[in-house]
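Asker: Supplied structure: protein_15.tsv, TSV, C-alpha atoms and all ligand atoms.
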```
chain	number	residue	atom	x	y	z
A	29	MET	CA	90.92	95.04	110.97
A	30	ILE	CA	91.34	97.86	113.42
A	31	LEU	CA	90.53	101.22	111.80
A	32	LEU	CA	91.67	104.38	113.53
A	33	GLY	CA	90.39	107.74	112.32
A	34	SER	CA	87.36	106.04	110.76
A	35	THR	CA	85.31	109.22	110.35
A	36	GLY	CA	87.89	111.05	108.22
A	37	SER	CA	88.45	111.09	104.50
A	38	ILE	CA	90.79	108.06	104.51
A	39	GLY	CA	88.72	106.30	107.18
A	40	VAL	CA	85.50	106.49	105.17
A	41	ASN	CA	87.21	105.25	102.00
A	42	THR	CA	88.79	102.40	103.95
A	43	LEU	CA	85.36	101.31	105.16
A	44	PHE	CA	84.12	101.37	101.57
A	45	ILE	CA	86.81	98.86	100.62
A	46	ALA	CA	86.30	96.80	103.77
A	47	GLU	CA	82.61	96.50	102.89
A	48	CYS	CA	83.32	95.49	99.27
A	49	GLU	CA	85.86	92.89	100.41
A	50	LYS	CA	83.83	91.71	103.42
A	51	ILE	CA	86.63	92.48	105.87
A	52	SER	CA	85.27	92.48	109.40
A	53	ILE	CA	85.95	95.50	111.58
A	54	GLU	CA	87.08	94.69	115.09
A	55	ALA	CA	87.59	98.27	116.26
A	56	LEU	CA	86.89	101.83	115.16
A	57	SER	CA	88.15	105.13	116.49
A	58	CYS	CA	87.49	108.80	115.86
A	59	GLY	CA	88.08	112.25	117.26
A	60	LYS	CA	84.90	114.31	117.62
A	61	ASN	CA	82.50	113.16	114.91
A	62	ILE	CA	80.34	110.96	117.14
A	63	LYS	CA	77.33	111.19	114.79
A	64	LEU	CA	79.21	109.50	111.95
A	65	LEU	CA	80.85	107.07	114.37
A	66	ASN	CA	77.40	105.95	115.56
A	67	GLU	CA	76.35	105.32	111.94
A	68	GLN	CA	79.52	103.28	111.41
A	69	ILE	CA	78.89	101.32	114.63
A	70	ALA	CA	75.36	100.45	113.45
A	71	LYS	CA	76.65	99.26	110.08
A	72	PHE	CA	79.96	97.53	110.90
A	73	LYS	CA	79.28	96.33	114.47
A	74	PRO	CA	82.81	96.69	115.85
A	75	LYS	CA	83.69	94.96	119.11
A	76	PHE	CA	85.42	98.08	120.47
A	77	VAL	CA	85.42	101.81	119.77
A	78	CYS	CA	87.60	104.66	120.95
A	79	ILE	CA	86.90	108.40	121.01
A	80	GLN	CA	89.10	111.39	121.77
A	81	ASP	CA	87.15	113.08	124.54
A	82	PRO	CA	85.70	111.16	127.56
A	83	LYS	CA	82.95	113.82	127.77
A	84	ASP	CA	81.45	112.46	124.53
A	85	LYS	CA	81.22	108.90	125.87
A	86	ILE	CA	77.57	109.30	126.77
A	87	LEU	CA	76.74	110.03	123.10
A	88	VAL	CA	78.27	106.83	121.74
A	89	ASN	CA	75.96	103.90	120.98
A	90	HIS	CA	78.31	101.19	122.22
A	91	ASP	CA	79.04	99.51	125.54
A	92	LYS	CA	82.82	99.12	125.06
A	93	VAL	CA	84.10	102.67	124.57
A	94	PHE	CA	87.73	103.59	125.15
A	95	CYS	CA	88.84	107.23	125.41
A	96	SER	CA	91.85	109.40	124.59
A	97	GLN	CA	95.41	108.32	123.79
A	98	ASP	CA	95.65	105.73	126.58
A	99	GLY	CA	92.34	104.29	125.44
A	100	LEU	CA	93.66	103.92	121.88
A	101	LYS	CA	96.67	101.96	123.16
A	102	ASP	CA	94.49	99.74	125.40
A	103	MET	CA	92.02	99.11	122.62
A	104	ILE	CA	94.69	98.09	120.10
A	105	SER	CA	96.27	95.73	122.61
A	106	GLN	CA	92.92	94.03	123.32
A	107	CYS	CA	92.23	93.40	119.62
A	108	LYS	CA	93.03	90.14	117.86
A	109	SER	CA	93.22	91.55	114.32
A	110	ASP	CA	96.64	91.59	112.71
A	111	LEU	CA	95.98	94.71	110.60
A	112	VAL	CA	95.88	98.27	111.95
A	113	VAL	CA	94.87	101.05	109.57
A	114	ASN	CA	96.01	104.31	111.10
A	115	ALA	CA	94.13	107.21	109.50
A	116	ILE	CA	94.27	109.58	112.47
A	117	VAL	CA	95.53	113.02	111.50
A	118	GLY	CA	98.60	114.64	113.07
A	119	PHE	CA	100.88	113.87	116.00
A	120	ALA	CA	97.88	112.28	117.74
A	121	GLY	CA	98.43	109.24	115.50
A	122	LEU	CA	101.93	108.45	116.76
A	123	ASN	CA	101.04	106.42	119.86
A	124	SER	CA	98.81	104.09	117.85
A	125	SER	CA	101.47	103.46	115.20
A	126	LEU	CA	103.99	102.65	117.93
A	127	MET	CA	101.56	100.32	119.66
A	128	ALA	CA	100.73	98.50	116.42
A	129	GLN	CA	104.43	97.88	115.77
A	130	LYS	CA	105.13	96.88	119.38
A	131	LEU	CA	102.45	94.19	119.09
A	132	GLY	CA	103.89	92.96	115.77
A	133	LYS	CA	100.78	93.96	113.79
A	134	SER	CA	100.82	95.04	110.15
A	135	LEU	CA	100.48	98.78	109.88
A	136	ALA	CA	98.68	100.38	106.94
A	137	LEU	CA	99.79	103.92	107.56
A	138	ALA	CA	98.00	107.03	106.35
A	139	ASN	CA	99.23	108.98	109.39
A	140	LYS	CA	102.42	110.19	107.69
A	141	GLU	CA	103.21	112.35	110.74
A	142	SER	CA	104.26	109.13	112.56
A	143	LEU	CA	107.15	108.70	110.12
A	144	VAL	CA	107.95	112.42	109.90
A	145	VAL	CA	108.47	112.73	113.66
A	146	ALA	CA	109.78	109.28	114.56
A	147	GLY	CA	110.69	107.40	111.38
A	148	LYS	CA	113.84	105.91	112.88
A	149	PHE	CA	111.84	104.12	115.58
A	150	PHE	CA	109.77	102.14	113.05
A	151	ASP	CA	110.43	98.92	111.15
A	152	ALA	CA	109.51	100.09	107.64
A	153	SER	CA	109.33	96.50	106.37
A	154	LYS	CA	106.09	96.10	108.37
A	155	ILE	CA	104.51	99.31	107.07
A	156	ARG	CA	102.39	99.80	103.97
A	157	ALA	CA	101.94	103.47	103.29
A	158	ILE	CA	98.52	104.80	102.41
A	159	ASP	CA	99.73	107.72	100.34
A	160	SER	CA	99.33	107.84	96.57
A	161	GLU	CA	102.97	108.78	95.95
A	162	HIS	CA	104.38	106.06	98.21
A	163	ALA	CA	102.07	103.36	96.93
A	164	ALA	CA	103.17	104.40	93.41
A	165	LEU	CA	106.85	104.33	94.41
A	166	LYS	CA	106.42	100.82	95.82
A	167	CYS	CA	105.09	99.62	92.46
A	168	LEU	CA	107.89	101.38	90.56
A	169	ILE	CA	110.74	100.26	92.81
A	170	ASP	CA	109.52	96.66	92.93
A	171	LYS	CA	112.69	94.61	93.41
A	172	ARG	CA	114.99	96.72	91.24
A	173	LYS	CA	118.49	97.42	92.46
A	174	ASP	CA	119.55	99.92	89.75
A	175	ILE	CA	117.54	102.92	90.96
A	176	LYS	CA	119.26	106.28	90.65
A	177	LYS	CA	116.62	108.75	91.77
A	178	LEU	CA	113.02	108.87	92.95
A	179	TYR	CA	110.50	111.60	92.25
A	180	ILE	CA	107.12	112.24	93.77
A	181	THR	CA	104.65	114.73	92.34
A	182	ALA	CA	102.75	117.65	93.86
A	183	SER	CA	99.61	119.28	92.53
A	184	GLY	CA	100.71	122.77	93.61
A	185	GLY	CA	97.72	122.98	95.98
A	186	ALA	CA	95.14	125.71	96.26
A	187	PHE	CA	97.50	128.61	95.57
A	188	TYR	CA	99.38	127.45	92.49
A	189	LYS	CA	97.81	130.23	90.40
A	190	TYR	CA	98.11	132.94	93.08
A	191	LYS	CA	100.82	135.60	93.01
A	192	ILE	CA	103.21	135.47	95.97
A	193	LYS	CA	102.16	138.95	97.11
A	194	ASP	CA	98.52	137.81	97.30
A	195	LEU	CA	99.26	134.96	99.72
A	196	LYS	CA	99.47	137.35	102.66
A	197	HIS	CA	95.71	137.77	102.94
A	198	VAL	CA	94.32	134.42	101.79
A	199	SER	CA	91.62	132.88	103.98
A	200	PRO	CA	91.31	129.29	105.28
A	201	LYS	CA	88.32	128.90	102.94
A	202	GLU	CA	90.53	129.63	99.92
A	203	ALA	CA	93.33	127.39	101.20
A	204	LEU	CA	90.89	124.52	101.65
A	205	LYS	CA	90.00	124.47	97.94
A	206	HIS	CA	92.29	121.70	96.70
A	207	PRO	CA	92.21	121.40	92.90
A	208	ASN	CA	92.31	117.57	92.63
A	209	TRP	CA	91.95	115.74	95.96
A	210	SER	CA	89.18	115.74	98.55
A	211	MET	CA	90.95	115.38	101.90
A	212	GLY	CA	90.82	116.44	105.55
A	213	ALA	CA	91.48	120.09	106.45
A	214	LYS	CA	95.02	119.74	107.81
A	215	ILE	CA	96.50	117.88	104.84
A	216	THR	CA	94.73	120.26	102.45
A	217	ILE	CA	96.47	123.23	104.10
A	218	ASP	CA	99.74	121.26	104.07
A	219	SER	CA	99.26	120.81	100.32
A	220	ALA	CA	98.74	124.55	99.81
A	221	SER	CA	101.98	125.32	101.70
A	222	MET	CA	103.95	122.36	100.19
A	223	CYS	CA	104.64	121.11	103.74
A	224	ASN	CA	102.83	117.93	102.70
A	225	LYS	CA	105.43	117.32	99.98
A	226	LEU	CA	108.27	117.94	102.42
A	227	PHE	CA	106.69	115.35	104.73
A	228	GLU	CA	106.30	112.91	101.84
A	229	ILE	CA	109.97	113.24	100.93
A	230	ILE	CA	111.05	112.19	104.42
A	231	GLU	CA	108.28	109.57	104.52
A	232	ALA	CA	109.73	108.06	101.31
A	233	TYR	CA	113.22	108.08	102.83
A	234	HIS	CA	112.05	106.16	105.90
A	235	LEU	CA	110.05	103.70	103.81
A	236	TYR	CA	112.46	103.02	100.97
A	237	GLY	CA	115.84	104.12	102.36
A	238	MET	CA	116.78	106.47	99.50
A	239	LYS	CA	117.94	110.05	99.92
A	240	ASN	CA	118.18	110.90	96.24
A	241	ILE	CA	114.59	112.02	96.00
A	242	ASP	CA	112.85	115.13	94.78
A	243	ALA	CA	109.37	116.42	94.02
A	244	LEU	CA	107.97	118.03	90.87
A	245	ILE	CA	104.68	119.80	90.27
A	246	GLU	CA	102.29	117.88	88.02
A	247	ARG	CA	99.07	119.89	88.04
A	248	LYS	CA	96.64	117.16	87.07
A	249	SER	CA	97.66	114.63	89.79
A	250	LEU	CA	97.61	111.83	87.24
A	251	VAL	CA	101.29	110.89	87.64
A	252	HIS	CA	102.07	110.18	91.29
A	253	ALA	CA	105.71	109.11	91.26
A	254	LEU	CA	108.63	108.46	88.91
A	255	CYS	CA	111.69	106.30	89.19
A	256	GLU	CA	114.93	107.01	87.33
A	257	PHE	CA	117.23	104.05	86.68
A	258	GLU	CA	121.01	103.89	86.22
A	259	ASP	CA	120.62	103.24	82.49
A	260	GLY	CA	118.82	106.58	81.94
A	261	GLY	CA	115.32	105.14	81.71
A	262	ILE	CA	112.51	106.63	83.79
A	263	SER	CA	109.26	104.89	84.66
A	264	ALA	CA	106.16	106.71	85.86
A	265	TYR	CA	103.04	105.63	87.74
A	266	PHE	CA	99.71	106.93	86.42
A	267	SER	CA	96.24	106.73	87.92
A	268	HIS	CA	93.23	108.90	88.66
A	269	ALA	CA	93.54	110.92	91.87
A	270	ASN	CA	91.57	108.58	94.11
A	271	MET	CA	92.85	107.28	97.43
A	272	ARG	CA	90.84	104.05	97.17
A	273	LEU	CA	93.60	102.64	94.97
A	274	SER	CA	96.40	103.17	97.52
A	275	ILE	CA	94.15	102.06	100.39
A	276	ALA	CA	93.33	98.81	98.55
A	277	GLN	CA	97.01	98.25	97.76
A	278	ALA	CA	97.90	98.74	101.42
A	279	ILE	CA	95.21	96.62	103.08
A	280	LEU	CA	94.51	93.77	100.65
A	281	LYS	CA	96.96	90.91	100.20
A	282	PHE	CA	95.78	90.10	96.69
A	283	HIS	CA	93.95	92.85	94.95
A	284	ASN	CA	92.78	92.75	91.40
A	285	LYS	CA	89.51	94.66	91.58
A	286	ASN	CA	88.92	97.99	89.90
A	287	PHE	CA	88.21	100.23	92.86
A	288	ILE	CA	88.83	103.16	90.53
A	289	GLU	CA	88.31	103.72	86.81
A	290	PRO	CA	91.49	103.21	84.80
A	291	LEU	CA	92.84	106.30	83.02
A	292	ASN	CA	92.02	106.90	79.42
A	293	LEU	CA	95.55	107.79	78.28
A	294	SER	CA	94.52	109.21	74.93
A	295	LYS	CA	92.48	111.87	76.73
A	296	ILE	CA	95.43	113.25	78.72
A	297	GLN	CA	96.68	116.54	77.35
A	298	ASN	CA	99.41	118.98	78.30
A	299	LEU	CA	101.10	116.84	80.91
A	300	LYS	CA	103.89	118.93	82.43
A	301	PHE	CA	106.45	118.50	85.20
A	302	GLU	CA	107.66	121.72	86.84
A	303	LYS	CA	110.23	122.57	89.47
A	304	ILE	CA	108.76	123.70	92.79
A	305	SER	CA	109.20	127.46	93.30
A	306	LEU	CA	111.08	127.93	96.57
A	307	LYS	CA	109.99	131.56	96.71
A	308	LYS	CA	106.35	130.64	96.64
A	309	TYR	CA	106.70	127.53	98.80
A	310	PRO	CA	109.49	128.41	101.31
A	311	ILE	CA	108.81	125.33	103.47
A	312	PHE	CA	110.12	123.17	100.63
A	313	THR	CA	113.60	124.80	101.01
A	314	LEU	CA	113.95	122.45	104.01
A	315	LYS	CA	114.10	119.36	101.79
A	316	ASP	CA	117.89	118.89	101.87
A	317	GLU	CA	118.10	119.69	105.56
A	318	ILE	CA	115.43	117.21	106.59
A	319	LEU	CA	117.10	114.50	104.50
A	320	LYS	CA	120.43	115.33	106.16
A	321	TYR	CA	118.98	115.58	109.69
A	322	PRO	CA	115.74	113.57	109.75
A	323	ASP	CA	115.38	114.32	113.49
A	324	ILE	CA	114.30	117.88	112.65
A	325	GLY	CA	111.08	116.26	111.42
A	326	VAL	CA	109.61	116.52	114.91
A	327	ILE	CA	110.34	120.26	115.12
A	328	ILE	CA	108.89	120.95	111.67
A	329	ASN	CA	105.81	118.80	112.25
A	330	SER	CA	104.98	120.25	115.65
A	331	ALA	CA	105.45	123.83	114.51
A	332	ASN	CA	103.43	123.17	111.37
A	333	GLU	CA	100.61	121.49	113.27
A	334	TYR	CA	100.43	124.35	115.76
A	335	MET	CA	100.45	127.04	113.06
A	336	VAL	CA	98.00	125.26	110.72
A	337	TYR	CA	95.35	125.07	113.44
A	338	LYS	CA	95.97	128.74	114.33
A	339	PHE	CA	95.51	129.59	110.64
A	340	LEU	CA	92.28	127.56	110.46
A	341	GLU	CA	91.05	129.50	113.51
A	342	GLU	CA	91.99	132.72	111.66
A	343	LYS	CA	94.41	133.73	114.43
A	344	VAL	CA	97.41	133.95	112.05
A	345	GLY	CA	97.88	134.42	108.31
A	346	PHE	CA	98.83	131.75	105.77
A	347	LEU	CA	102.43	132.97	105.44
A	348	ASP	CA	102.84	132.75	109.23
A	349	ILE	CA	102.77	128.95	108.96
A	350	ALA	CA	106.20	128.92	107.30
A	351	LYS	CA	107.44	131.68	109.63
A	352	GLY	CA	106.47	129.60	112.68
A	353	ILE	CA	108.33	126.57	111.33
A	354	PHE	CA	111.50	128.58	110.67
A	355	ARG	CA	111.26	130.28	114.06
A	356	ALA	CA	111.01	126.91	115.83
A	357	LEU	CA	113.94	125.53	113.82
A	358	ASP	CA	116.07	128.57	114.67
A	359	HIS	CA	115.28	128.15	118.33
A	360	PHE	CA	115.60	124.35	118.70
A	361	GLY	CA	118.20	123.56	116.02
A	362	VAL	CA	118.79	119.85	115.37
A	363	PRO	CA	117.21	118.07	118.34
A	364	LYS	CA	118.92	115.27	120.19
A	365	ILE	CA	116.49	112.39	119.77
A	366	GLU	CA	117.75	109.29	121.56
A	367	SER	CA	114.47	107.71	122.60
A	368	ILE	CA	110.84	107.93	121.63
A	369	ASP	CA	110.23	109.93	124.84
A	370	ASP	CA	112.42	112.69	123.37
A	371	VAL	CA	110.01	112.91	120.41
A	372	PHE	CA	107.04	113.50	122.72
A	373	GLU	CA	109.04	116.02	124.77
A	374	TYR	CA	110.13	118.05	121.72
A	375	ASP	CA	106.60	118.02	120.31
A	376	MET	CA	105.33	119.56	123.53
A	377	GLN	CA	108.21	122.05	123.85
A	378	VAL	CA	107.81	123.34	120.28
A	379	LYS	CA	104.09	123.93	120.73
A	380	LEU	CA	104.67	125.69	124.08
A	381	TYR	CA	107.40	127.83	122.51
A	382	LEU	CA	105.16	128.99	119.67
A	383	ASP	CA	102.27	129.53	122.05
A	384	ARG	CA	104.38	132.01	124.01
A	385	GLY	CA	105.16	133.99	120.84
A	386	ILE	CA	101.66	134.50	119.45
B	401	LIG	P1	90.57	113.83	108.33
B	401	LIG	O1	90.72	115.11	109.06
B	401	LIG	O2	89.53	113.73	107.28
B	401	LIG	O3	90.32	112.64	109.37
B	401	LIG	C1	91.10	112.49	110.52
B	401	LIG	C2	90.55	111.41	111.43
B	401	LIG	O4	91.30	111.43	112.66
B	401	LIG	C3	89.09	111.62	111.83
B	401	LIG	O5	88.45	110.36	112.03
B	401	LIG	C4	89.19	112.35	113.16
B	401	LIG	O6	88.05	112.20	113.96
B	401	LIG	C5	90.40	111.65	113.77
B	401	LIG	N1	91.11	112.50	114.75
B	401	LIG	C6	91.43	113.81	114.61
B	401	LIG	N2	92.08	114.24	115.71
B	401	LIG	C7	92.17	113.18	116.55
B	401	LIG	C8	92.72	113.00	117.85
B	401	LIG	N3	93.33	114.01	118.50
B	401	LIG	N4	92.65	111.77	118.41
B	401	LIG	C9	92.06	110.76	117.76
B	401	LIG	N5	91.50	110.86	116.54
B	401	LIG	C10	91.56	112.06	115.94
B	401	LIG	O7	92.01	113.51	107.73
B	401	LIG	P2	92.38	112.62	106.45
B	401	LIG	O8	92.42	113.48	105.24
B	401	LIG	O9	91.56	111.37	106.43
B	401	LIG	O10	93.90	112.26	106.78
B	401	LIG	C11	94.23	111.32	107.77
B	401	LIG	C12	95.73	111.04	107.70
B	401	LIG	O11	96.01	110.48	106.41
B	401	LIG	C13	96.59	112.31	107.79
B	401	LIG	O12	97.77	112.02	108.47
B	401	LIG	C14	96.90	112.65	106.33
B	401	LIG	O13	98.12	113.32	106.18
B	401	LIG	C15	96.97	111.24	105.73
B	401	LIG	N6	96.70	111.19	104.29
B	401	LIG	C16	95.48	111.59	103.83
B	401	LIG	C17	95.20	111.55	102.47
B	401	LIG	C18	93.84	111.94	101.94
B	401	LIG	O14	93.62	111.83	100.73
B	401	LIG	N7	92.92	112.38	102.76
B	401	LIG	C19	96.19	111.13	101.58
B	401	LIG	C20	97.41	110.72	102.09
B	401	LIG	C21	97.64	110.75	103.45
B	402	MG	MG	100.24	112.12	99.11
```
Can you give me the file's structure in the form of structure tokens?
Ligand code: NAD
Ligand code: MG

Answerer:
Amino acid sequence: MILLGSTGSIGVNTLFIAECEKISIEALSCGKNIKLLNEQIAKFKPKFVCIQDPKDKILVNHDKVFCSQDGLKDMISQCKSDLVVNAIVGFAGLNSSLMAQKLGKSLALANKESLVVAGKFFDASKIRAIDSEHAALKCLIDKRKDIKKLYITASGGAFYKYKIKDLKHVSPKEALKHPNWSMGAKITIDSASMCNKLFEIIEAYHLYGMKNIDALIERKSLVHALCEFEDGGISAYFSHANMRLSIAQAILKFHNKNFIEPLNLSKIQNLKFEKISLKKYPIFTLKDEILKYPDIGVIINSANEYMVYKFLEEKVGFLDIAKGIFRALDHFGVPKIESIDDVFEYDMQVKLYLDRGI
């Protein structure tokens, strides 16, 4: 397989499964963590590697090193493997997803931003989502035609127990304390703001074609999705919060190994499903609008990405993330996206616009 974003949280777990299943690794890519990449090169002996910054090339222990976005595209096109696992974070993952689809490869997609910004340009039938909620939905939907409504769950993130007035002064360190999942920094902040759940709603729409979808808070992250049927029945998908399950489901054709411990149901207590507070999580008020106008995904994603990194650098406060998204939406409205080039153009324009205002 080709594994992009190999040094991140999803990347490392993907390599764990690849090792267990003896899947050979044709190519690896990462951003800046060259130390871990070198360890992965020594262990998995990929034919090609790609890094973000050409300046780091000298540090990489490999003689076939590609660099930057063009390098990612070249590397994917030189590979023979049919499977691309895209675990790059953010808009930077889009080019690779597009290239994988252009070449007719199977795409195991953790980079949800690809679907958020450009879902309509992808053939969802060739994508397997690496996201616990979407892997769960796939199992629940199966081949049923009588589905009325889909639900995904949210943990509530780092600030579930905080009062709204206290969110003004929270630090990145506090926001990075996710109660149940160990993930990269950006998605952990997106979980604290509920932007991640907004993204997952539109991700589910692009993958499964349903607009009747909502999210509920389930604090323990043991139920990942629910499916309501026409006859009034509801089925739910339970598992421990461990991404190895959804990664295995996405990359293995036949998978019957226990990569995670099964749940002991009799030990589960006080399972609750709660409505998401729109006062506390204002970004989630955009749910109906994004389902109505999926093209606004690019505006929301770009603004969010820009503001999240500013928050991590302590240049803006946590509540400014939502403010930046709403400001960008007010300014750009519903964008006219006719080609994939428009997606790249809007991404750049939104980031430039916010940069002028800070
Ligand atoms: P992470 O920050 O741990 O890892 C990101 C990877 O992308 C790293 O290998 C990093 O080096 C690489 N990268 C970063 N910027 C890059 C750039 N500009 N160019 C090339 N490579 C770059 O993130 P993660 O938690 O593993 O998440 C990866 C993706 O999977 C995200 O889109 C996230 O939303 C999604 N996802 C993650 C989880 C999870 O449990 N971690 C669950 C569901 C979905
Ligand atoms: Mg998820």

Asker: By how many Å are CA of Glu373 (chain A) and CA of Gly33 (chain A) apart?

Answerer: 23.9 Å

Asker: Go through A:Ile30, A:Leu319, A:Ile296, A:Met222 one by one, measure the shortest atom-to-atom distance of each to Val77 (chain A) using only C-alpha atoms, and give the residue with the smallest value.

Answerer: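 Of the candidates, the smallest distance to Val77 (chain A) is held by A:Ile30.
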
Asker: Between A:Ile86, A:Ile169, A:Leu111, A:Val117, which one has atoms that come closest to Lys154 (chain A), using all atoms listed in the file?

Answerer: A:Leu111

Asker: When you draw a straight line from atom N4 of ligand LIG 401 (chain B) to CA of Ala120 (chain A), how long is it in Å?

Answerer: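 Computing it gives 5.3 Å between the two atoms.
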
Asker: Counting all atoms listed in the file, what are the residues, protein, DNA or RNA alike, that approach ligand MG 402 (chain B) to within 6 Å? I want them as number ranges by chain.

Answerer: A: 159-161

Asker: Using only C-alpha atoms, what table do you get, as CSV, when you list each residue of region 277-312 of chain A with an atom no more than 12 Å from region 337-361 of chain A, its nearest pair of atoms, and their distance in Å rounded to one decimal, rows by chain then rising number?

Answerer:
```
residue,atom,partner,partner_atom,distance
A:Leu306,CA,A:Ala350,CA,11.8
A:Lys307,CA,A:Ala350,CA,11.6
A:Lys308,CA,A:Leu347,CA,9.9
A:Tyr309,CA,A:Ala350,CA,8.6
A:Pro310,CA,A:Ala350,CA,6.9
A:Ile311,CA,A:Ala350,CA,5.9
A:Phe312,CA,A:Ala350,CA,9.6
```

Asker: Near region 254-271 of chain A, within 7 Å and counting only C-alpha atoms, which residues show up once chain neighbours fewer than 3 positions away are dropped, as a list in words?

Answerer: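 The residues that qualify are Ser160, Ala164, Leu168, Asp174, Ile175, Lys176, Lys177, Leu178, Tyr179, Ile180, Asn208, Trp209, Ser249, Leu250, Val251, Ser274, Ile275, Pro290 and Leu291 of chain A.
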
Asker: Kindly save the residues from that selection, with C-alpha atoms included, as a JSON list (two decimals), in the coordinates of the input.

Answerer:
```json
[["chain", "number", "residue", "atom", "x", "y", "z"],
["A", 160, "SER", "CA", 99.33, 107.84, 96.57],
["A", 164, "ALA", "CA", 103.17, 104.40, 93.41],
["A", 168, "LEU", "CA", 107.89, 101.38, 90.56],
["A", 174, "ASP", "CA", 119.55, 99.92, 89.75],
["A", 175, "ILE", "CA", 117.54, 102.92, 90.96],
["A", 176, "LYS", "CA", 119.26, 106.28, 90.65],
["A", 177, "LYS", "CA", 116.62, 108.75, 91.77],
["A", 178, "LEU", "CA", 113.02, 108.87, 92.95],
["A", 179, "TYR", "CA", 110.50, 111.60, 92.25],
["A", 180, "ILE", "CA", 107.12, 112.24, 93.77],
["A", 208, "ASN", "CA", 92.31, 117.57, 92.63],
["A", 209, "TRP", "CA", 91.95, 115.74, 95.96],
["A", 249, "SER", "CA", 97.66, 114.63, 89.79],
["A", 250, "LEU", "CA", 97.61, 111.83, 87.24],
["A", 251, "VAL", "CA", 101.29, 110.89, 87.64],
["A", 274, "SER", "CA", 96.40, 103.17, 97.52],
["A", 275, "ILE", "CA", 94.15, 102.06, 100.39],
["A", 290, "PRO", "CA", 91.49, 103.21, 84.80],
["A", 291, "LEU", "CA", 92.84, 106.30, 83.02]]
```

Asker: Quick one: residues within 7 Å of ligand LIG 401 (chain B), with all atoms listed in the file, as a VMD selection string?

Answerer: chain A and resid 32 to 39 57 to 61 79 to 80 96 to 97 115 to 118 120 to 121 138 to 141 158 to 160 209 to 215 271

Asker: Excluding Lys148 (chain A) and its own-chain neighbours fewer than 3 positions away, which residues fall within 8 Å of it when counting all atoms listed in the file? Please give them as a PyMOL selection string.

Answerer: chain A and resi 143+151+234

Asker: Between CA of Glu302 (chain A) and CA of Ile245 (chain A), what is the distance, to one decimal in Å?

Answerer: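 Interatomic distance here is 4.9 Å.
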
Asker: Of the residues A:Met103, A:Cys78, A:Leu165, A:Ala146, which is the one nearest to Met238 (chain A), using all atoms listed in the file?

Answerer: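 Counting all atoms listed in the file, the residue closest to Met238 (chain A) is A:Leu165.
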